[in-house]
Amino acid sequence: QREVSGKLGVDYNLSRVACYLAAMNGDPKKPQVAQAQGYFVAWAEACRLYLEQAEGVERVAIRGEITEHERTLSGTAKMAGVVEYGLFQNAGYRGLYNMDLWQLRRHKGVPQGRSPLDFMGKTELAANLFRVTQTEEKIRGERIRGQKPLEHAAEDVGREVRRTMVRISGRRPEELPPAGDIKELHKKMKFSHREIKRLDKPRE
């Protein structure tokens with residue numbers, strides 16, 4: 001409670017949703033109401049876009065994990081005797097997709113110089129994350145050494161993940177539909193996040 005012009009008044013703390021409903025049902029002819037309505041329209045749109053990208057958030061997270069684990073796999077493989085890392089990497093893809101990496105790029109319509117991982121949906125990315133992590137585990141656990149044996153190990157793990165996917169879902173990994181460019185998705189997510197933060201910033 002507080003005193004205003006000699007009269008006792010009451011202050012209310014409203015939730016954001018309550019403020020939204022009050023503003024949107026107010027008289028837009030009043031400048032303060034029009035300003036509040038403009039704010040909440042922009043806020044609601046930014047939140048809608050962010051929520052629409054919920055699966056995209058998971059895609060970005062899994063893609064980041066793959067990058068980290070590919071880095072450690074590269075180090076492990078080279079210490080174990082891999083000289084031609086491209087051949088080793090290709091063997092893993094060949095096991096999972098039953099085709100070489102260049103064929104997978106063409107099959108999925110991946111732009112030149114880009115990784116197929118940037119155009120995979122959540123399920124396909126998760127399969128590749130499992131393939132990468134388990135390849136490293138196999139190398140370490142079985143103490144595999146040498147270029148060719150390591151290529152065979154990478155292909156075997158990829159093939160096992162492929163068999164598991166087909167057995168569980170009945171779909172081959174190369175049949176999974178491509179997703180939008182993850183770099184563009186990341187830009188949109190950053191924009192939505194910045195917009196929400198900008199709208200939430202207290203005004204002077």
# chains A, B, ... in the order shown; residues from 1 in each chain; ligands from 1
>>> residues_around(residues="Ile139 (chain A)", least_positions_apart="4", cutoff="9 Å", atoms="only C-alpha atoms", output="MDAnalysis selection string")
chainID A and resid 76:77 80 134:135 143:145 150 153:154
>>> closest_residue(among="A:Ala91, A:Met99, A:Met79, A:Leu125", to="His152 (chain A)", atoms="only C-alpha atoms")
A:Ala91
>>> atom_distance(atom1="CA of Glu58 (chain A)", atom2="CA of Leu96 (chain A)")
21.6 Å
>>> residues_around(residues="Ala179 (chain A)", least_positions_apart="5", cutoff="7 Å", atoms="only C-alpha atoms", output="list in words")
Phe119, Met120 and Gly121 of chain A
>>> closest_residue(among="A:Lys78, A:Gln103, A:Leu73, A:Arg163", to="Lys138 (chain A)", atoms="only C-alpha atoms")
A:Leu73
>>> atom_distance(atom1="CA of Thr72 (chain A)", atom2="CA of Glu137 (chain A)")
11.0 Å
>>> closest_residue(among="A:Gly109, A:Leu185, A:Gly75, A:Leu176", to="Arg140 (chain A)", atoms="only C-alpha atoms")
A:Gly75
>>> decode(residues="region 131-157 of chain A", atoms="N, CA and C atoms", output="CSV table (one decimal), in the first residue's frame")
chain,number,residue,atom,x,y,z
A,131,ARG,N,28.5,-43.2,-33.1
A,131,ARG,CA,29.5,-43.9,-34.0
A,131,ARG,C,30.9,-43.3,-33.6
A,132,VAL,N,31.0,-42.0,-33.5
A,132,VAL,CA,32.3,-41.4,-33.2
A,132,VAL,C,32.8,-41.8,-31.8
A,133,THR,N,32.0,-41.7,-30.8
A,133,THR,CA,32.4,-42.1,-29.4
A,133,THR,C,32.7,-43.5,-29.3
A,134,GLN,N,32.0,-44.4,-29.9
A,134,GLN,CA,32.2,-45.8,-29.8
A,134,GLN,C,33.4,-46.3,-30.6
A,135,THR,N,33.8,-45.6,-31.7
A,135,THR,CA,35.0,-45.9,-32.4
A,135,THR,C,36.2,-45.6,-31.5
A,136,GLU,N,36.2,-44.5,-30.8
A,136,GLU,CA,37.3,-44.2,-29.9
A,136,GLU,C,37.4,-45.2,-28.8
A,137,GLU,N,36.2,-45.6,-28.3
A,137,GLU,CA,36.2,-46.6,-27.2
A,137,GLU,C,36.8,-48.0,-27.7
A,138,LYS,N,36.4,-48.3,-28.9
A,138,LYS,CA,36.9,-49.6,-29.5
A,138,LYS,C,38.5,-49.6,-29.7
A,139,ILE,N,39.0,-48.4,-30.2
A,139,ILE,CA,40.4,-48.3,-30.4
A,139,ILE,C,41.1,-48.4,-29.0
A,140,ARG,N,40.6,-47.7,-28.0
A,140,ARG,CA,41.3,-47.7,-26.7
A,140,ARG,C,41.2,-49.1,-26.1
A,141,GLY,N,39.9,-49.6,-26.1
A,141,GLY,CA,39.7,-50.9,-25.4
A,141,GLY,C,40.4,-52.1,-26.0
A,142,GLU,N,40.5,-52.1,-27.3
A,142,GLU,CA,41.1,-53.2,-28.0
A,142,GLU,C,42.6,-53.0,-28.4
A,143,ARG,N,43.0,-51.7,-28.1
A,143,ARG,CA,44.4,-51.3,-28.4
A,143,ARG,C,44.8,-51.6,-29.8
A,144,ILE,N,43.9,-51.1,-30.7
A,144,ILE,CA,44.1,-51.4,-32.1
A,144,ILE,C,45.2,-50.4,-32.6
A,145,ARG,N,46.1,-50.9,-33.5
A,145,ARG,CA,47.2,-50.1,-34.0
A,145,ARG,C,47.3,-50.3,-35.5
A,146,GLY,N,47.7,-49.2,-36.2
A,146,GLY,CA,48.0,-49.3,-37.6
A,146,GLY,C,46.9,-48.7,-38.5
A,147,GLN,N,47.2,-48.1,-39.6
A,147,GLN,CA,46.2,-47.5,-40.5
A,147,GLN,C,45.1,-48.4,-40.9
A,148,LYS,N,45.4,-49.5,-41.5
A,148,LYS,CA,44.3,-50.4,-42.0
A,148,LYS,C,43.5,-51.0,-40.9
A,149,PRO,N,44.1,-51.5,-39.8
A,149,PRO,CA,43.3,-52.1,-38.7
A,149,PRO,C,42.3,-51.0,-38.1
A,150,LEU,N,42.8,-49.8,-38.1
A,150,LEU,CA,42.0,-48.7,-37.5
A,150,LEU,C,40.9,-48.3,-38.5
A,151,GLU,N,41.1,-48.4,-39.8
A,151,GLU,CA,40.1,-48.1,-40.7
A,151,GLU,C,39.0,-49.2,-40.6
A,152,HIS,N,39.4,-50.5,-40.5
A,152,HIS,CA,38.5,-51.6,-40.3
A,152,HIS,C,37.6,-51.4,-39.0
A,153,ALA,N,38.3,-50.9,-38.0
A,153,ALA,CA,37.6,-50.7,-36.7
A,153,ALA,C,36.5,-49.6,-36.9
A,154,ALA,N,36.9,-48.5,-37.5
A,154,ALA,CA,35.9,-47.4,-37.8
A,154,ALA,C,34.7,-47.9,-38.6
A,155,GLU,N,35.0,-48.7,-39.6
A,155,GLU,CA,33.9,-49.2,-40.5
A,155,GLU,C,33.1,-50.2,-39.7
A,156,ASP,N,33.7,-51.0,-38.9
A,156,ASP,CA,32.9,-52.0,-38.1
A,156,ASP,C,31.9,-51.3,-37.2
A,157,VAL,N,32.4,-50.3,-36.5
A,157,VAL,CA,31.5,-49.6,-35.6
A,157,VAL,C,30.4,-48.9,-36.3
